[in-house]
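Undergrad: Quick one: this structure, given as structure tokens, is what I'll be asking you about.
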Amino acid sequence: MASRKAGTRGKAGATKQAQRGSSNVFSMFEQAQIQEFKEAFSCIDQNRDGIICKSDLRETYSQLGKVSVPEEELDAMLQEGKGPINFTVFLTLFGEKLNGTDPEEAILSAFRMFDPSGKGVVNKDEFKQLLLTQADKFSPAEVEQMFALTPMDLAGNIDYKSLCYIITHGDEKEE
């Protein structure tokens, strides 16, 4: 397989870039689910080079009976991967969709609303009060469960930049 990749123009560099995906994504799914995603990935990866490209998507649509897919639609699908889409990136994209995780920047922007001084932290007690009383209210047990995984400083402030990373990439300690 390595020789086939080496023989394909530009694929070797693309493969290295595609390996950037977080290996932690595998912990989001059970082994049976990962196998199902592998089968789906194999069906889409028509040229069997380990990377989903525009021609792979076009051919997959064609096999499903949709022969005229706009280029913009194919490009938009590929842009979601923010680089070459190997299996790890493919799994990450589905993990984000299935778990409803917003992009890291969107989560950071939401936390910045509670940090007018721009210090990168929010007060735990104030944030707890908001979680218990506003919008989709958390139960006290849910708040405690969340705080058990939340990085905090000695003063009781939530380091929301680290928390956002954990939400979007997983807890480094799990690996």
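Letters A, B, ... go to the chains of the structure tokens in the order shown; residues in each chain start at 1; ligands are counted from 1 in the same order.
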If you count only C-alpha atoms, which residues fall within 12 Å of A:Glu105, apart from same-chain ones fewer than 3 positions away, as a VMD selection string?
TA: chain A and resid 101 to 102 108 to 112 160 to 161 164 to 165 167 to 168
Undergrad: Excluding A:Arg58 and any residue of its chain fewer than 3 positions from it, enumerate the residues within 12 Å of it, using only C-alpha atoms, and give them as a short mmCIF file (atom, residue, chain, number, x, y, z; two decimals) with C-alpha atoms, in the first residue's frame.
TA:
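Result file is selection_36.cif:
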data_model
loop_
_atom_site.label_atom_id
_atom_site.label_comp_id
_atom_site.auth_asym_id
_atom_site.auth_seq_id
_atom_site.Cartn_x
_atom_site.Cartn_y
_atom_site.Cartn_z
CA ILE A 44 -16.57 6.40 -0.16
CA ASP A 45 -12.80 6.08 -0.77
CA GLN A 46 -13.35 4.84 -4.33
CA ASN A 47 -9.68 4.95 -5.41
CA ILE A 52 -11.39 11.01 0.45
CA CYS A 53 -11.11 13.43 -2.47
CA LYS A 54 -13.58 15.15 -4.79
CA SER A 55 -13.53 12.33 -7.36
CA TYR A 61 -22.93 10.07 -5.49
CA SER A 62 -22.99 8.55 -8.96
CA GLN A 63 -23.37 5.06 -7.52
CA LEU A 64 -26.28 6.35 -5.44
CA GLY A 65 -27.98 7.67 -8.59
CA LYS A 66 -27.13 11.36 -8.27
CA VAL A 67 -24.97 12.15 -11.28
CA SER A 68 -24.89 15.94 -11.27
CA VAL A 69 -23.62 17.16 -7.91
CA PRO A 70 -22.58 20.84 -7.94
CA GLU A 71 -18.82 21.40 -7.54
CA GLU A 72 -19.54 23.86 -4.71
CA GLU A 73 -21.33 21.14 -2.74
CA LEU A 74 -18.40 18.73 -3.11
CA ASP A 75 -15.94 21.49 -2.20
CA MET A 77 -17.91 18.75 2.05
CA LEU A 78 -14.14 18.56 1.65
#
Undergrad: If you run DSSP on this backbone, which residues of stretch 32-160 of chain A come out as strand (DSSP E), and could you give them as a ChimeraX atom specification?
TA: /A:121-123,157-159
Undergrad: Point out the residue among A:Asn123, A:Leu57, A:Gln35, A:Val89 with the least atom-to-atom distance to A:Ala76, counting only C-alpha atoms.
TA: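 Going through A:Asn123, A:Leu57, A:Gln35, A:Val89 one by one, the smallest distance to A:Ala76 is for A:Leu57.
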Undergrad: Can you pull out every residue from stretch 104-161 of chain A that DSSP, working from the backbone, puts in helix (DSSP H, G or I), and format the result as a PyMOL selection string?
TA: chain A and resi 104-112+124-133+140-149+160-161
Undergrad: Could the residues in this selection be saved with N, CA, C and O atoms as a CSV table (one decimal), in the first residue's frame?
TA:
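Ended up saving to out_27.csv:
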chain,number,residue,atom,x,y,z
A,104,GLU,N,-14.3,24.8,18.3
A,104,GLU,CA,-13.6,25.4,19.4
A,104,GLU,C,-13.8,26.9,19.5
A,104,GLU,O,-14.0,27.5,20.6
A,105,GLU,N,-13.6,27.6,18.4
A,105,GLU,CA,-13.7,29.1,18.4
A,105,GLU,C,-15.1,29.5,18.8
A,105,GLU,O,-15.2,30.5,19.5
A,106,ALA,N,-16.2,28.8,18.4
A,106,ALA,CA,-17.5,29.2,18.9
A,106,ALA,C,-17.7,29.1,20.4
A,106,ALA,O,-18.3,29.9,21.0
A,107,ILE,N,-17.1,28.0,20.9
A,107,ILE,CA,-17.2,27.8,22.4
A,107,ILE,C,-16.4,28.9,23.1
A,107,ILE,O,-16.9,29.4,24.1
A,108,LEU,N,-15.2,29.2,22.6
A,108,LEU,CA,-14.4,30.2,23.2
A,108,LEU,C,-15.1,31.6,23.2
A,108,LEU,O,-15.1,32.3,24.2
A,109,SER,N,-15.8,31.9,22.1
A,109,SER,CA,-16.5,33.1,22.0
A,109,SER,C,-17.7,33.2,23.0
A,109,SER,O,-17.9,34.3,23.6
A,110,ALA,N,-18.3,32.1,23.3
A,110,ALA,CA,-19.4,32.1,24.3
A,110,ALA,C,-18.8,32.3,25.7
A,110,ALA,O,-19.4,33.1,26.4
A,111,PHE,N,-17.7,31.7,26.0
A,111,PHE,CA,-17.1,32.0,27.3
A,111,PHE,C,-16.5,33.4,27.4
A,111,PHE,O,-16.6,34.0,28.5
A,112,ARG,N,-16.1,34.0,26.3
A,112,ARG,CA,-15.6,35.4,26.4
A,112,ARG,C,-16.6,36.4,26.9
A,112,ARG,O,-16.3,37.4,27.4
A,124,LYS,N,-16.0,30.4,39.1
A,124,LYS,CA,-16.7,29.2,39.2
A,124,LYS,C,-18.1,29.4,39.8
A,124,LYS,O,-19.1,28.8,39.3
A,125,ASP,N,-18.2,30.1,40.9
A,125,ASP,CA,-19.5,30.3,41.6
A,125,ASP,C,-20.5,31.0,40.7
A,125,ASP,O,-21.6,30.7,40.7
A,126,GLU,N,-20.0,32.1,40.0
A,126,GLU,CA,-20.9,32.8,39.2
A,126,GLU,C,-21.4,31.9,38.0
A,126,GLU,O,-22.5,32.0,37.6
A,127,PHE,N,-20.4,31.2,37.4
A,127,PHE,CA,-20.8,30.3,36.3
A,127,PHE,C,-21.7,29.2,36.8
A,127,PHE,O,-22.7,28.9,36.0
A,128,LYS,N,-21.5,28.7,37.9
A,128,LYS,CA,-22.4,27.6,38.5
A,128,LYS,C,-23.8,28.2,38.6
A,128,LYS,O,-24.8,27.5,38.2
A,129,GLN,N,-23.9,29.4,39.1
A,129,GLN,CA,-25.3,30.0,39.3
A,129,GLN,C,-25.9,30.1,37.9
A,129,GLN,O,-27.2,29.9,37.8
A,130,LEU,N,-25.2,30.5,36.9
A,130,LEU,CA,-25.8,30.7,35.6
A,130,LEU,C,-26.2,29.3,35.0
A,130,LEU,O,-27.3,29.2,34.5
A,131,LEU,N,-25.4,28.3,35.2
A,131,LEU,CA,-25.8,26.9,34.7
A,131,LEU,C,-27.1,26.4,35.4
A,131,LEU,O,-27.9,25.7,34.8
A,132,LEU,N,-27.2,26.7,36.7
A,132,LEU,CA,-28.4,26.2,37.4
A,132,LEU,C,-29.7,27.0,37.2
A,132,LEU,O,-30.8,26.5,37.4
A,133,THR,N,-29.5,28.3,36.7
A,133,THR,CA,-30.7,29.1,36.6
A,133,THR,C,-31.1,29.6,35.2
A,133,THR,O,-32.2,30.1,35.0
A,140,PRO,N,-27.9,20.2,39.8
A,140,PRO,CA,-26.7,20.3,40.6
A,140,PRO,C,-25.7,19.1,40.4
A,140,PRO,O,-24.5,19.3,40.4
A,141,ALA,N,-26.2,17.9,40.1
A,141,ALA,CA,-25.4,16.8,39.8
A,141,ALA,C,-24.6,17.0,38.5
A,141,ALA,O,-23.4,16.6,38.4
A,142,GLU,N,-25.3,17.5,37.5
A,142,GLU,CA,-24.6,17.7,36.2
A,142,GLU,C,-23.5,18.8,36.4
A,142,GLU,O,-22.5,18.7,35.8
A,143,VAL,N,-23.8,19.8,37.2
A,143,VAL,CA,-22.8,20.9,37.4
A,143,VAL,C,-21.6,20.3,38.1
A,143,VAL,O,-20.4,20.5,37.6
A,144,GLU,N,-21.8,19.5,39.1
A,144,GLU,CA,-20.7,18.9,39.8
A,144,GLU,C,-19.9,17.9,38.9
A,144,GLU,O,-18.6,17.9,38.9
A,145,GLN,N,-20.6,17.2,38.0
A,145,GLN,CA,-19.9,16.3,37.1
A,145,GLN,C,-19.1,17.1,36.1
A,145,GLN,O,-17.9,16.7,35.8
A,146,MET,N,-19.6,18.2,35.6
A,146,MET,CA,-18.8,19.1,34.7
A,146,MET,C,-17.6,19.6,35.4
A,146,MET,O,-16.5,19.6,34.9
A,147,PHE,N,-17.8,20.1,36.6
A,147,PHE,CA,-16.7,20.8,37.4
A,147,PHE,C,-15.6,19.8,37.7
A,147,PHE,O,-14.4,20.1,37.9
A,148,ALA,N,-15.9,18.5,37.8
A,148,ALA,CA,-14.9,17.5,38.1
A,148,ALA,C,-13.9,17.4,37.0
A,148,ALA,O,-12.7,17.0,37.2
A,149,LEU,N,-14.3,17.7,35.8
A,149,LEU,CA,-13.3,17.7,34.6
A,149,LEU,C,-12.8,19.0,34.2
A,149,LEU,O,-12.0,19.1,33.3
A,160,TYR,N,-11.2,28.6,31.0
A,160,TYR,CA,-12.1,28.2,29.9
A,160,TYR,C,-11.4,27.9,28.6
A,160,TYR,O,-11.9,27.1,27.8
A,161,LYS,N,-10.2,28.4,28.4
A,161,LYS,CA,-9.5,28.0,27.2
A,161,LYS,C,-9.1,26.5,27.2
A,161,LYS,O,-9.3,25.8,26.2
Undergrad: Counting only C-alpha atoms, figure out which residue out of A:Lys97, A:Met113, A:Thr88, A:Pro151 gets nearest to A:Gly50.
TA: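 That would be A:Thr88, the residue with the smallest distance to A:Gly50.
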